[in-house]
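Next up, model32.cif (mmCIF, C-alpha atoms):
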```
data_final
#
loop_
_atom_site.label_atom_id
_atom_site.label_comp_id
_atom_site.auth_asym_id
_atom_site.auth_seq_id
_atom_site.Cartn_x
_atom_site.Cartn_y
_atom_site.Cartn_z
CA MET A 199 -11.10 -3.04 14.85
CA ILE A 200 -10.93 -1.35 18.21
CA VAL A 201 -8.04 0.64 19.62
CA SER A 202 -8.34 1.32 23.34
CA VAL A 203 -6.53 4.39 24.60
CA THR A 204 -5.79 4.50 28.31
CA ARG A 205 -3.50 6.32 30.68
CA ARG A 206 -0.75 4.54 32.54
CA ASP A 207 -3.10 3.94 35.44
CA GLY A 208 -5.56 2.22 33.11
CA THR A 209 -8.21 4.90 33.03
CA PRO A 210 -9.54 5.58 29.54
CA ILE A 211 -8.82 8.86 27.82
CA GLU A 212 -12.20 10.43 27.24
CA ASP A 213 -11.21 13.01 24.73
CA GLY A 214 -8.44 13.59 22.24
CA TRP A 215 -7.70 11.96 18.93
CA ILE A 216 -5.51 9.40 17.24
CA GLN A 217 -3.58 9.54 14.00
CA LEU A 218 -3.58 6.13 12.43
CA ARG A 219 -1.47 4.71 9.64
CA LEU A 220 -1.83 1.21 8.20
CA ASP A 221 0.85 -0.36 6.00
CA ALA A 222 0.34 -3.47 3.88
CA PRO A 223 2.57 -6.54 4.26
CA ARG A 224 5.85 -6.58 2.40
CA PRO A 225 6.19 -8.67 -0.76
CA GLY A 226 6.88 -12.37 -0.28
CA ARG A 227 10.15 -13.99 -1.26
CA PHE A 228 8.80 -16.32 -3.93
CA PHE A 229 5.04 -16.23 -4.35
CA SER A 230 3.10 -13.05 -4.93
CA THR A 231 -0.31 -12.37 -3.45
CA ASP A 232 -3.18 -11.73 -5.83
CA PHE A 233 -2.74 -7.94 -5.34
CA PRO A 234 1.00 -7.33 -5.91
CA PHE A 235 0.66 -3.54 -6.15
CA VAL A 236 -0.80 -3.41 -2.66
CA GLU A 237 2.21 -5.16 -1.09
CA GLY A 238 4.35 -2.80 0.95
CA SER A 239 2.14 0.20 0.29
CA GLN A 240 0.26 2.49 2.68
CA LEU A 241 -3.39 1.54 2.98
CA LEU A 242 -4.90 3.96 5.41
CA ASP A 243 -4.08 7.30 6.98
CA MET A 244 -6.73 8.94 9.11
CA ARG A 245 -7.30 11.00 12.20
CA LEU A 246 -10.14 9.87 14.42
CA PRO A 247 -11.55 11.29 17.64
CA ILE A 248 -11.39 9.17 20.78
CA ARG A 249 -14.75 8.32 22.27
CA GLN A 250 -14.99 6.80 25.72
CA GLY A 251 -11.39 5.72 25.61
CA ARG A 252 -11.49 3.95 22.31
CA VAL A 253 -11.62 4.25 18.55
CA GLN A 254 -13.52 1.78 16.40
CA TRP A 255 -13.80 1.06 12.70
CA GLN A 256 -14.24 -1.83 10.29
CA TYR A 257 -11.81 -2.73 7.58
CA VAL A 258 -11.36 -5.64 5.19
CA PHE A 259 -7.68 -6.52 4.80
CA PRO A 260 -7.01 -7.01 1.10
CA ILE A 261 -4.10 -9.48 1.20
CA ARG A 262 -2.55 -12.02 3.54
CA GLY A 263 0.54 -11.22 5.60
CA GLN A 264 1.67 -9.08 8.48
CA TYR A 265 0.26 -5.56 8.57
CA ARG A 266 1.86 -2.71 10.46
CA MET A 267 -0.36 -0.21 12.20
CA VAL A 268 1.16 2.92 13.73
CA VAL A 269 -1.04 4.81 16.16
CA GLU A 270 -0.18 8.22 17.51
CA THR A 271 -2.40 9.41 20.33
CA VAL A 272 -2.87 13.02 21.35
CA ALA A 273 -4.62 13.59 24.67
CA PRO A 274 -6.59 16.75 25.48
CA ASP A 275 -3.64 18.04 27.51
CA ARG A 276 -1.49 17.69 24.33
CA LYS A 277 0.44 14.73 25.68
CA THR A 278 1.30 12.29 22.94
CA ALA A 279 2.02 8.58 22.83
CA ASP A 280 2.99 6.26 19.97
CA ALA A 281 2.37 2.58 19.53
CA THR A 282 3.05 0.16 16.69
CA PHE A 283 0.94 -2.95 16.21
CA TYR A 284 1.61 -5.90 13.93
CA LEU A 285 -1.44 -7.74 12.67
CA ALA A 286 -1.12 -11.15 11.03
CA VAL A 287 -3.83 -11.88 8.50
CA LYS A 288 -4.20 -15.39 7.09
CA GLU A 289 -5.26 -16.25 3.58
CA SER A 290 -8.75 -17.61 3.03
CA GLU A 291 -8.87 -21.38 3.57
CA LYS A 292 -11.03 -21.76 0.49
CA LYS A 293 -8.27 -20.30 -1.64
CA TRP A 294 -5.67 -22.67 -0.22
CA LEU A 295 -8.05 -25.57 -0.79
CA PHE A 296 -8.66 -24.51 -4.38
CA LEU A 297 -4.92 -24.15 -4.96
CA GLY A 298 -4.41 -27.64 -3.51
CA PHE A 299 -7.00 -29.16 -5.83
CA PHE A 300 -5.55 -27.37 -8.83
CA THR A 301 -2.03 -28.54 -7.96
CA LEU A 302 -3.32 -32.09 -7.53
CA GLY A 303 -5.06 -31.84 -10.91
CA ILE A 304 -1.95 -30.80 -12.80
CA PHE A 305 0.08 -33.40 -10.92
CA SER A 306 -2.38 -36.07 -12.10
CA LEU A 307 -2.07 -34.73 -15.62
CA GLY A 308 1.71 -35.14 -15.36
CA VAL A 309 1.34 -38.72 -14.04
CA VAL A 310 -0.95 -39.73 -16.91
CA ALA A 311 1.37 -38.10 -19.45
CA GLY A 312 4.40 -39.75 -17.83
CA ARG A 313 2.79 -43.21 -18.08
CA LEU A 314 1.84 -42.72 -21.70
CA PHE A 315 5.20 -41.30 -22.70
CA SER A 316 6.99 -44.23 -21.03
CA ALA A 317 5.33 -46.84 -23.25
CA PRO A 318 7.81 -48.49 -25.61
CA GLN A 319 5.66 -47.33 -28.49
CA LEU A 320 2.66 -45.16 -28.12
CA PRO A 321 -0.29 -47.48 -28.54
CA SER A 322 -3.06 -45.98 -30.56
CA ARG A 323 -5.59 -46.32 -27.73
CA GLY A 324 -3.28 -44.68 -25.25
CA ASN A 325 -2.44 -42.00 -27.72
CA VAL A 326 -6.08 -41.17 -28.29
CA SER A 327 -6.96 -41.28 -24.61
CA PHE A 328 -4.05 -39.00 -23.77
CA TRP A 329 -5.06 -36.35 -26.27
CA VAL A 330 -8.68 -36.60 -25.15
CA PHE A 331 -7.52 -36.13 -21.57
CA LEU A 332 -5.36 -33.18 -22.55
CA LEU A 333 -8.23 -31.65 -24.51
CA ILE A 334 -10.55 -31.95 -21.52
CA PHE A 335 -7.89 -30.44 -19.29
CA CYS A 336 -7.43 -27.50 -21.62
CA ALA A 337 -11.11 -26.96 -22.29
CA PHE A 338 -12.20 -27.28 -18.67
CA PRO A 339 -14.28 -24.27 -17.72
CA TRP A 340 -12.04 -22.75 -15.07
CA VAL A 341 -14.37 -20.09 -13.96
CA LYS A 342 -18.19 -20.05 -13.81
CA ALA A 343 -17.06 -17.89 -14.77
CA SER A 344 -16.27 13.26 -9.65
CA ALA A 345 -18.81 15.26 -9.40
CA ALA A 346 -19.83 15.89 -5.82
CA GLN A 347 -23.35 14.97 -4.85
CA GLU A 348 -25.18 16.91 -2.25
CA ALA A 349 -28.04 15.68 -0.12
CA LYS A 350 -30.51 18.38 0.66
CA SER A 351 -31.34 19.25 4.21
CA LYS A 352 -33.33 22.09 5.68
CA THR A 353 -30.33 23.90 7.02
CA TYR A 354 -27.19 22.16 5.88
CA GLN A 355 -25.73 20.37 2.98
CA ALA A 356 -22.84 17.95 2.74
CA ARG A 357 -20.21 17.74 0.09
CA LEU A 358 -18.41 14.51 -0.57
CA ALA A 359 -15.29 14.87 -2.69
CA ILE A 360 -13.04 12.02 -3.65
CA ASP A 361 -9.62 12.47 -5.14
CA ALA A 362 -9.26 8.94 -6.44
CA HIS A 363 -5.93 7.45 -7.39
CA ASP A 364 -4.89 4.14 -8.83
CA VAL A 365 -4.15 1.03 -6.82
CA GLY A 366 -0.97 1.42 -4.79
CA LYS A 367 -1.60 5.07 -3.88
CA LEU A 368 -3.75 6.74 -1.28
CA SER A 369 -6.94 8.44 -2.37
CA GLN A 370 -8.38 11.29 -0.38
CA ILE A 371 -12.00 11.19 0.71
CA ARG A 372 -13.21 14.52 2.05
CA TRP A 373 -16.59 15.13 3.61
CA THR A 374 -17.54 18.75 4.28
CA LEU A 375 -20.56 20.21 5.99
CA VAL A 376 -21.80 23.33 4.27
CA GLY A 377 -24.24 25.58 6.13
CA LEU A 378 -26.83 27.41 4.12
CA LYS A 379 -27.27 29.90 6.91
CA GLU A 380 -24.33 31.77 8.25
CA GLY A 381 -23.19 30.84 11.71
CA LYS A 382 -21.26 28.23 13.57
CA SER A 383 -21.32 24.73 12.09
CA PRO A 384 -22.62 22.10 14.49
CA VAL A 385 -20.88 18.89 15.43
CA VAL A 386 -22.46 15.99 13.60
CA ASN A 387 -22.12 12.23 13.98
CA LEU A 388 -20.74 11.02 10.69
CA SER A 389 -21.00 7.44 9.45
CA LEU A 390 -18.90 6.58 6.43
CA LYS A 391 -19.10 3.38 4.44
CA ILE A 392 -17.10 2.18 1.46
CA PHE A 393 -18.71 -0.60 -0.52
CA HIS A 394 -16.86 -2.66 -3.14
CA LEU A 395 -19.49 -3.06 -5.84
CA GLY A 396 -17.58 -5.71 -7.79
CA LYS A 397 -17.28 -8.05 -4.80
CA GLY A 398 -20.50 -6.94 -3.13
CA GLN A 399 -18.58 -6.40 0.07
CA MET A 400 -18.30 -3.61 2.61
CA VAL A 401 -14.58 -2.86 2.86
CA PHE A 402 -14.54 0.04 5.30
CA VAL A 403 -16.97 1.37 7.90
CA LEU A 404 -16.77 4.24 10.35
CA GLU A 405 -19.73 4.58 12.68
CA LYS A 406 -20.91 7.86 14.15
CA ILE A 407 -17.73 9.77 14.71
CA PRO A 408 -18.14 13.35 15.92
CA VAL A 409 -17.14 15.72 13.16
CA ALA A 410 -17.08 19.48 13.15
CA GLU A 411 -17.45 20.82 9.65
CA GLU A 412 -14.96 18.58 7.86
CA PHE A 413 -13.59 15.07 7.87
CA SER A 414 -10.92 13.71 5.59
CA LEU A 415 -9.54 10.26 5.18
CA ASN A 416 -6.72 8.83 3.09
CA PHE A 417 -7.73 5.43 1.84
CA GLN A 418 -6.24 3.09 -0.71
CA PHE A 419 -8.70 1.40 -3.06
CA THR A 420 -6.93 -1.92 -3.45
CA ASP A 421 -8.81 -3.27 -6.45
CA GLY A 422 -9.47 -1.74 -9.84
CA ASP A 423 -13.25 -1.78 -9.74
CA LYS A 424 -16.32 0.27 -8.82
CA TYR A 425 -16.76 1.53 -5.27
CA HIS A 426 -19.71 3.19 -3.61
CA ILE A 427 -18.97 5.70 -0.84
CA ASP A 428 -21.85 6.52 1.44
CA ALA A 429 -21.75 9.24 4.11
CA MET A 430 -24.55 9.81 6.57
CA ALA A 431 -24.34 12.68 9.03
CA GLU A 432 -26.68 12.92 12.00
CA LEU A 433 -27.49 16.37 13.35
CA ASP A 434 -28.65 17.05 16.89
CA ALA A 435 -32.24 17.57 15.89
CA GLN A 436 -32.55 14.10 14.38
CA GLU A 437 -31.87 15.55 11.01
CA TRP A 438 -29.93 13.47 8.53
CA ILE A 439 -27.67 14.57 5.75
CA HIS A 440 -26.97 11.88 3.24
CA SER A 441 -24.34 12.06 0.55
CA GLU A 442 -23.06 9.30 -1.67
CA LYS A 443 -20.87 8.76 -4.61
CA THR A 444 -19.82 5.95 -6.90
CA ILE A 445 -16.35 5.90 -8.36
CA SER A 446 -14.70 3.63 -10.85
CA LEU A 447 -11.02 2.84 -10.62
CA SER A 448 -9.02 1.29 -13.39
CA GLY A 449 -6.81 -1.55 -12.30
CA ILE A 450 -3.12 -1.83 -13.02
CA GLU A 451 -2.05 -5.07 -14.57
CA PRO A 452 1.07 -6.50 -12.95
CA PRO A 453 3.92 -7.27 -15.35
CA PRO A 454 3.76 -10.79 -16.79
CA SER A 455 7.07 -11.55 -15.09
CA ALA A 456 5.30 -11.34 -11.72
CA ALA A 457 3.53 -14.62 -12.51
CA ILE A 458 6.72 -16.47 -13.44
CA PRO A 459 7.39 -17.98 -9.95
CA THR A 460 3.86 -19.38 -9.88
CA ILE A 461 4.13 -20.80 -13.40
CA VAL A 462 7.51 -22.33 -12.56
CA PHE A 463 5.95 -23.94 -9.51
CA PHE A 464 3.10 -25.44 -11.54
CA LEU A 465 5.53 -26.69 -14.20
CA ALA A 466 7.64 -28.30 -11.49
CA VAL A 467 4.53 -30.09 -10.23
CA ILE A 468 3.77 -31.34 -13.74
CA ALA A 469 7.39 -32.46 -14.17
CA LEU A 470 7.17 -34.32 -10.87
CA GLY A 471 3.99 -35.95 -12.12
CA LEU A 472 5.76 -36.98 -15.33
CA SER A 473 8.56 -38.68 -13.40
CA MET A 474 6.03 -40.36 -11.10
CA GLY A 475 4.08 -41.60 -14.12
CA ARG A 476 7.22 -43.02 -15.68
CA TRP A 477 8.18 -44.68 -12.41
CA SER A 478 4.71 -46.22 -11.99
CA ARG A 479 4.77 -47.46 -15.59
CA HIS A 480 8.06 -49.24 -15.05
CA ALA A 481 7.00 -50.55 -11.65
CA THR A 482 3.86 -52.19 -13.07
CA ALA A 483 5.35 -53.32 -16.40
CA PRO A 484 5.73 -57.09 -16.88
CA THR A 485 9.26 -58.47 -16.62
CA GLY A 486 11.15 -59.80 -19.65
CA SER A 487 10.39 -63.48 -18.91
CA ALA A 488 6.73 -62.74 -18.28
CA ARG A 489 6.57 -60.88 -21.54
CA LEU A 490 8.14 -63.86 -23.35
CA LYS A 491 5.64 -66.26 -21.78
CA LYS A 492 2.80 -64.03 -22.80
CA ASP A 493 4.13 -63.90 -26.37
CA ALA A 494 4.46 -67.73 -26.43
CA VAL A 495 0.86 -68.16 -25.28
CA MET B 54 18.57 -50.42 -22.72
CA ASP B 55 15.30 -50.31 -24.73
CA ARG B 56 15.38 -48.57 -28.02
CA VAL B 57 12.37 -47.29 -29.90
CA ILE B 58 11.76 -46.19 -33.43
CA VAL B 59 10.21 -42.78 -33.75
CA PRO B 60 7.62 -43.38 -36.46
CA TRP B 61 7.33 -39.86 -37.82
CA LEU B 62 11.09 -39.22 -37.79
CA ARG B 63 12.09 -42.76 -38.74
CA VAL B 64 15.02 -42.69 -36.38
CA GLU B 65 15.93 -45.02 -33.57
CA LEU B 66 16.36 -43.49 -30.13
CA GLN B 67 16.94 -44.78 -26.68
CA GLU B 68 13.64 -45.03 -24.86
CA TYR B 69 14.52 -42.56 -22.11
CA VAL B 70 15.74 -40.00 -24.66
CA TYR B 71 12.45 -40.27 -26.50
CA PHE B 72 10.63 -39.88 -23.17
CA LEU B 73 12.61 -36.71 -22.40
CA CYS B 74 11.81 -35.28 -25.84
CA LYS B 75 8.10 -35.91 -25.43
CA SER B 76 8.15 -34.53 -21.89
CA ALA B 77 9.92 -31.38 -23.03
CA VAL B 78 7.31 -30.74 -25.71
CA PHE B 79 4.54 -31.48 -23.23
CA LEU B 80 5.98 -29.09 -20.63
CA ALA B 81 6.38 -26.38 -23.27
CA VAL B 82 2.70 -26.73 -24.21
CA CYS B 83 1.72 -26.64 -20.52
CA ALA B 84 3.87 -23.54 -19.95
CA ALA B 85 2.17 -21.76 -22.84
CA ILE B 86 -1.29 -22.66 -21.54
CA LEU B 87 -0.42 -21.61 -17.99
CA TYR B 88 1.09 -18.35 -19.16
CA VAL B 89 -1.96 -17.42 -21.20
CA SER B 90 -4.32 -18.50 -18.42
CA LEU B 91 -2.54 -16.89 -15.50
CA ALA B 92 -0.40 -14.04 -16.79
CA ALA B 93 -1.72 -12.75 -20.10
CA SER B 94 -3.26 -9.28 -19.88
CA TYR B 95 -5.35 -9.71 -23.03
CA PRO B 96 -8.78 -8.47 -21.86
CA ALA B 97 -10.84 -11.38 -23.12
CA VAL B 98 -8.62 -13.90 -21.36
CA HIS B 99 -8.13 -11.79 -18.25
CA ASP B 100 -11.82 -11.01 -17.74
CA THR B 101 -12.81 -14.65 -18.20
CA LEU B 102 -10.19 -15.98 -15.81
CA HIS B 103 -10.10 -13.06 -13.36
CA ASN B 104 -11.89 -14.86 -10.52
CA PHE B 105 -9.92 -18.03 -11.17
CA ARG B 106 -6.64 -16.14 -10.82
CA HIS B 107 -7.73 -14.61 -7.53
CA ALA B 108 -9.03 -17.97 -6.29
CA LEU B 109 -5.56 -19.51 -6.63
CA ALA B 110 -4.15 -16.99 -4.08
CA VAL B 111 -0.65 -17.00 -5.59
CA VAL B 112 -1.37 -15.52 -9.01
CA PRO B 113 -0.84 -11.76 -9.24
CA CYS B 114 -3.73 -9.81 -10.68
CA HIS B 115 -4.76 -6.18 -10.65
#
```
As structure tokens, please, write out the structure in this file.
Amino acid sequence: MIVSVTRRDGTPIEDGWIQLRLDAPRPGRFFSTDFPFVEGSQLLDMRLPIRQGRVQWQYVFPIRGQYRMVVETVAPDRKTADATFYLAVKESEKKWLFLGFFTLGIFSLGVVAGRLFSAPQLPSRGNVSFWVFLLIFCAFPWVKASAAQEAKSKTYQARLAIDAHDVGKLSQIRWTLVGLKEGKSPVVNLSLKIFHLGKGQMVFVLEKIPVAEEFSLNFQFTDGDKYHIDAMAELDAQEWIHSEKTISLSGIEPPPSAAIPTIVFFLAVIALGLSMGRWSRHATAPTGSARLKKDAV
Amino acid sequence: MDRVIVPWLRVELQEYVYFLCKSAVFLAVCAAILYVSLAASYPAVHDTLHNFRHALAVVPCH
């Protein structure tokens, strides 16, 4: 993501900083997302320096919906400006496709059951085939199923401290440059990466932001899993200070009632399938006279 | 109106009533299966079906 900061005449602001706040989409009316505790919560709160008129970072949005990003800019002459952006994030197409196939599957189950239940008497063959079908449906394999570390440098060390909180709350990530020798701390270019170990995905990246002594970031870990935080600071003399840390967050289970709308939806699909099965059974059933002829033969 | 004899109850019911009874039992079984699969927090079930829940996009998970 890139935020460009310009003056009214269009010239970029070379120096200064922005305070950024990112809020997650509000909860939906009927269906939940797969991370209900994230909905409506604050995801990010950070202060970043402006470089060449812009601020850049990478972020993986955890859920679908409309995000709200509030940016407050402070120019070197202390003039401030606010802006609010709304970002619409769509759900993965693969997930919608999978949901469609699953809905079609349970609808088909309802149709088969509706046809079998509509028979005047359950024939033994139909009875057996139905229970075999149900057994396969049920047995179908759904799924393939803080101690700070310090990297040694000749002159400086870095301390990475993480005050981790559960999903739904902001955690504080603080990187501090500690000089072994007394004197003024230099400005370093800090790169910060947050890696979701469970998904094998980089969820947040900041590249080479100038930092003097300390940088802190409020970040919400949206999934109860293991995360790896990696900070690399570049000194002027091509000296690198590396610090990293792995944290484990316990997830919060949503209340079972949160899944009720989804279950009701799936049951409605099955019920629709049942009525369709009954209708198709009656539509294809032989008429009374045809049945009599068949019996006479 | 067709009438059927329920073998295991030995009663005679109208066909559509018998269909509704069977459908109600069937939907109850489906609801139980769906609840356990999609909403139960029992670790063995949750861990096995965790990715499946997320893949459906509308099932809340942690």
Exercise. Would you give me, as a PyMOL selection string, the residues of chain B that come within 6 Å of chain A, using only C-alpha atoms?
Key: chain B and resi 72+92+105+107-115
For this session: Could you tell me how far atom CA of A:Val385 lies from atom CA of A:Arg205, in Å and to one decimal?
Result: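 Separation of atom CA of A:Val385 and atom CA of A:Arg205: 26.3 Å.
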Students should find that atom CA of A:Val401 and atom CA of B:Asp100 are spaced 22.3 Å
key: Result set, the PyMOL selection byres ((chain B and resi 56) around 12) on current file, as a PyMOL selection string   = (chain A and resi 316-319) or (chain B and resi 54-55+57-59+64-72)
- Query: Please, what distance in Å, to one decimal, runs between atom CA of A:Val201 and atom CA of A:Leu218?
  - Reply: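 Interatomic distance here is 10.1 Å.
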I need the residue set behind the PyMOL selection byres ((chain A and resi 405) around 8) for this file; please write it as a VMD selection string. chain A and resid 254 to 255 388 to 390 403 to 404 406 to 407
Inset, instruction - Quick one: everything within 8 Å of A:His426, counting all atoms listed in the file, minus sequence neighbours fewer than 6 positions away in the same chain. Send it as number ranges by chain. - result: A: 392-395, 442-445
Residues matched by the PyMOL selection byres ((chain A and resi 273) around 9), written as a ChimeraX atom specification
/A:211-216,248,271-272,274-279
